[in-house]
Amino acid sequence: MTRLATQATPTTAPAGSIDARGPRFGAVITTVVLALVLLTIPSTLSLVLLALQAVAFGLGAVVGLHAQPYGILFRNVVRPRLAPPTQFEAPEPPRFSQVVGLLFALVGLIGLLTGLTALAYVAVGFALAAAFLNAAFDFCLGCEMYLIGKRLVAGRAAA
């Protein structure tokens, strides 16, 4: 995975790293929101929920993970009630995941706004599958895509 340190103590967190539990918490909320979107297509509720999810993805992608609403909720409400973190990760892979999620949410919104509900179902379904993988199995598909991309770029630079 994208973990920087698997058995670190809270005082040895690598600089710039994030608590690995935060993105997974966000994935749980995202999974619930996207499942509700799928269950309510086509309706105003599905449009509103998907628009709100797109905003959440957009903040995480454009501004940074510190601005992602689910991350804010995790840092301020959930994390203080948990044991100190022992796993940390670089913020770049989860931020890339937010970009991918944003793209799928925007395609889903286009589908809903144009009456192409099949497009909305497919786009939201893909985003839901990725969020569920992270929430249930701690497997961040977008993070893995980011790491594969980094390896490809590094391989081409070395050639």
# chains A, B, ... in the order shown; residues from 1 in each chain; ligands from 1
$ residues_around --residues "stretch 132-144 of chain A" --least-positions-apart "2" --cutoff "8 Å" --atoms "only C-alpha atoms" --output "number ranges by chain"
A: 1-2, 24-25, 27-28, 31, 93-94, 96-98, 100, 128-130, 146-148
$ closest_atom_pairs --of "stretch 35-99 of chain A" --to "stretch 110-113 of chain A" --cutoff "9 Å" --atoms "only C-alpha atoms" --output "JSON lines"
{"residue": "A:Ile41", "atom": "CA", "partner": "A:Leu112", "partner_atom": "CA", "distance": 8.0}
{"residue": "A:Pro42", "atom": "CA", "partner": "A:Leu112", "partner_atom": "CA", "distance": 7.0}
{"residue": "A:Ser43", "atom": "CA", "partner": "A:Leu112", "partner_atom": "CA", "distance": 8.6}
{"residue": "A:Ser46", "atom": "CA", "partner": "A:Leu112", "partner_atom": "CA", "distance": 8.4}
{"residue": "A:Leu47", "atom": "CA", "partner": "A:Leu112", "partner_atom": "CA", "distance": 6.7}
$ write_last_selection --atoms "C-alpha atoms" --output "PDB file, in the first residue's frame"
ATOM      1  CA  ILE A  41     -31.347   7.777  -9.255  1.00  0.00           C
ATOM      2  CA  PRO A  42     -33.111   9.553 -10.914  1.00  0.00           C
ATOM      3  CA  SER A  43     -34.252  12.109  -8.363  1.00  0.00           C
ATOM      4  CA  SER A  46     -29.475  11.824  -6.072  1.00  0.00           C
ATOM      5  CA  LEU A  47     -28.453  15.035  -7.839  1.00  0.00           C
TER       6      LEU A  47
END
$ atom_distance --atom1 "atom CA of A:Gln68" --atom2 "atom CA of A:Ala131"
15.0 Å
$ closest_residue --among "A:Leu152, A:Leu106, A:Ala15, A:Ile29" --to "A:Gly58" --atoms "only C-alpha atoms"
A:Leu106
$ select_by_dssp --residues "chain A" --states "strand (DSSP E)" --output "list in words"
Arg3, Leu4, Ala5, Ile18, Asp19, Phe88 and Glu89 of chain A
$ residues_around --residues "stretch 33-40 of chain A" --least-positions-apart "5" --cutoff "7 Å" --atoms "only C-alpha atoms" --output "PyMOL selection string"
chain A and resi 45-46+49-50+121+124+128
$ write_last_selection --atoms "C-alpha atoms" --output "PDB file, in the first residue's frame"
ATOM      1  CA  LEU A  45     -31.959  13.777  -3.943  1.00  0.00           C
ATOM      2  CA  SER A  46     -29.475  11.824  -6.072  1.00  0.00           C
ATOM      3  CA  LEU A  49     -26.042  14.077  -2.902  1.00  0.00           C
ATOM      4  CA  LEU A  50     -23.759  13.597  -5.903  1.00  0.00           C
ATOM      5  CA  TYR A 121     -25.221   4.643 -12.841  1.00  0.00           C
ATOM      6  CA  VAL A 124     -21.284   6.431  -9.652  1.00  0.00           C
ATOM      7  CA  LEU A 128     -18.669   3.443  -5.257  1.00  0.00           C
TER       8      LEU A 128
END
$ atom_distance --atom1 "atom CA of A:Thr114" --atom2 "atom CA of A:Ala56"
22.2 Å
$ select_by_dssp --residues "stretch 4-156 of chain A" --states "alpha helix (DSSP H)" --output "JSON, numbers by chain"
{"A": [21, 22, 23, 24, 25, 26, 27, 28, 29, 30, 31, 32, 33, 34, 35, 36, 37, 38, 39, 40, 44, 45, 46, 47, 48, 49, 50, 51, 52, 53, 54, 55, 56, 57, 58, 69, 70, 71, 72, 73, 92, 93, 94, 95, 96, 97, 98, 99, 100, 101, 102, 103, 104, 105, 106, 107, 108, 109, 110, 111, 112, 113, 114, 117, 118, 119, 120, 121, 122, 123, 124, 125, 126, 127, 128, 129, 130, 131, 132, 133, 134, 135, 136, 137, 141, 142, 143, 144, 145, 146, 147, 148, 149, 150, 151, 152, 153, 154, 155, 156]}
$ atom_distance --atom1 "atom CA of A:Ala67" --atom2 "atom CA of A:Leu102"
14.4 Å
$ closest_residue --among "A:Gly60, A:Pro80, A:Gly71, A:Gly125" --to "A:Phe104" --atoms "only C-alpha atoms"
A:Gly125
$ decode --residues "stretch 62-98 of chain A" --atoms "N, CA and C atoms" --output "tab-separated table (two decimals), in the first residue's frame"
chain	number	residue	atom	x	y	z
A	62	VAL	N	-8.33	19.73	-5.11
A	62	VAL	CA	-7.81	21.03	-5.51
A	62	VAL	C	-7.13	21.76	-4.35
A	63	VAL	N	-7.81	21.83	-3.22
A	63	VAL	CA	-7.27	22.56	-2.08
A	63	VAL	C	-6.29	21.70	-1.28
A	64	GLY	N	-6.63	20.45	-1.10
A	64	GLY	CA	-5.78	19.53	-0.34
A	64	GLY	C	-6.61	18.75	0.65
A	65	LEU	N	-6.02	17.67	1.16
A	65	LEU	CA	-6.75	16.80	2.09
A	65	LEU	C	-7.16	17.51	3.37
A	66	HIS	N	-6.42	18.54	3.75
A	66	HIS	CA	-6.78	19.29	4.96
A	66	HIS	C	-8.12	20.00	4.82
A	67	ALA	N	-8.58	20.22	3.57
A	67	ALA	CA	-9.84	20.91	3.32
A	67	ALA	C	-10.98	19.94	3.01
A	68	GLN	N	-10.70	18.66	2.90
A	68	GLN	CA	-11.72	17.67	2.58
A	68	GLN	C	-12.65	17.53	3.78
A	69	PRO	N	-13.97	17.72	3.60
A	69	PRO	CA	-14.89	17.72	4.75
A	69	PRO	C	-14.83	16.47	5.61
A	70	TYR	N	-14.69	15.29	5.00
A	70	TYR	CA	-14.65	14.06	5.80
A	70	TYR	C	-13.36	14.00	6.59
A	71	GLY	N	-12.28	14.53	6.04
A	71	GLY	CA	-11.02	14.61	6.77
A	71	GLY	C	-11.10	15.56	7.95
A	72	ILE	N	-11.79	16.66	7.75
A	72	ILE	CA	-11.98	17.62	8.85
A	72	ILE	C	-12.79	16.96	9.97
A	73	LEU	N	-13.85	16.26	9.60
A	73	LEU	CA	-14.66	15.54	10.58
A	73	LEU	C	-13.81	14.50	11.32
A	74	PHE	N	-12.98	13.77	10.58
A	74	PHE	CA	-12.12	12.77	11.21
A	74	PHE	C	-11.16	13.42	12.20
A	75	ARG	N	-10.47	14.49	11.76
A	75	ARG	CA	-9.46	15.13	12.61
A	75	ARG	C	-10.07	15.75	13.87
A	76	ASN	N	-11.25	16.36	13.73
A	76	ASN	CA	-11.81	17.11	14.85
A	76	ASN	C	-12.75	16.32	15.75
A	77	VAL	N	-13.39	15.27	15.23
A	77	VAL	CA	-14.38	14.55	16.02
A	77	VAL	C	-13.95	13.11	16.31
A	78	VAL	N	-13.47	12.42	15.29
A	78	VAL	CA	-13.18	10.99	15.44
A	78	VAL	C	-11.79	10.75	16.02
A	79	ARG	N	-10.78	11.33	15.43
A	79	ARG	CA	-9.39	11.05	15.85
A	79	ARG	C	-9.12	11.31	17.33
A	80	PRO	N	-9.67	12.39	17.92
A	80	PRO	CA	-9.41	12.61	19.35
A	80	PRO	C	-9.94	11.48	20.24
A	81	ARG	N	-10.86	10.69	19.73
A	81	ARG	CA	-11.44	9.59	20.51
A	81	ARG	C	-10.72	8.27	20.29
A	82	LEU	N	-9.74	8.25	19.40
A	82	LEU	CA	-9.00	7.03	19.06
A	82	LEU	C	-7.63	7.04	19.71
A	83	ALA	N	-7.01	5.88	19.72
A	83	ALA	CA	-5.61	5.79	20.15
A	83	ALA	C	-4.75	6.58	19.16
A	84	PRO	N	-3.58	7.01	19.58
A	84	PRO	CA	-2.71	7.73	18.65
A	84	PRO	C	-2.41	6.87	17.41
A	85	PRO	N	-2.21	7.52	16.28
A	85	PRO	CA	-1.96	6.76	15.05
A	85	PRO	C	-0.62	6.04	15.09
A	86	THR	N	-0.59	4.87	14.46
A	86	THR	CA	0.65	4.11	14.33
A	86	THR	C	1.01	3.91	12.86
A	87	GLN	N	0.09	4.22	11.96
A	87	GLN	CA	0.35	4.11	10.52
A	87	GLN	C	0.14	5.47	9.89
A	88	PHE	N	1.09	5.82	9.03
A	88	PHE	CA	1.04	7.10	8.36
A	88	PHE	C	1.23	6.86	6.86
A	89	GLU	N	0.77	7.82	6.06
A	89	GLU	CA	0.97	7.71	4.63
A	89	GLU	C	1.19	9.09	4.04
A	90	ALA	N	1.80	9.09	2.88
A	90	ALA	CA	2.01	10.34	2.15
A	90	ALA	C	0.66	10.85	1.67
A	91	PRO	N	0.45	12.15	1.64
A	91	PRO	CA	-0.85	12.69	1.24
A	91	PRO	C	-1.09	12.65	-0.27
A	92	GLU	N	-0.04	12.52	-1.07
A	92	GLU	CA	-0.21	12.60	-2.53
A	92	GLU	C	-1.10	11.49	-3.11
A	93	PRO	N	-0.91	10.22	-2.75
A	93	PRO	CA	-1.79	9.20	-3.32
A	93	PRO	C	-3.27	9.39	-2.97
A	94	PRO	N	-3.62	9.66	-1.69
A	94	PRO	CA	-5.04	9.90	-1.41
A	94	PRO	C	-5.58	11.15	-2.11
A	95	ARG	N	-4.73	12.15	-2.27
A	95	ARG	CA	-5.18	13.36	-2.98
A	95	ARG	C	-5.46	13.03	-4.44
A	96	PHE	N	-4.62	12.21	-5.06
A	96	PHE	CA	-4.88	11.76	-6.42
A	96	PHE	C	-6.20	11.00	-6.48
A	97	SER	N	-6.47	10.20	-5.47
A	97	SER	CA	-7.75	9.48	-5.41
A	97	SER	C	-8.93	10.44	-5.40
A	98	GLN	N	-8.76	11.57	-4.75
A	98	GLN	CA	-9.81	12.58	-4.74
A	98	GLN	C	-10.04	13.14	-6.15
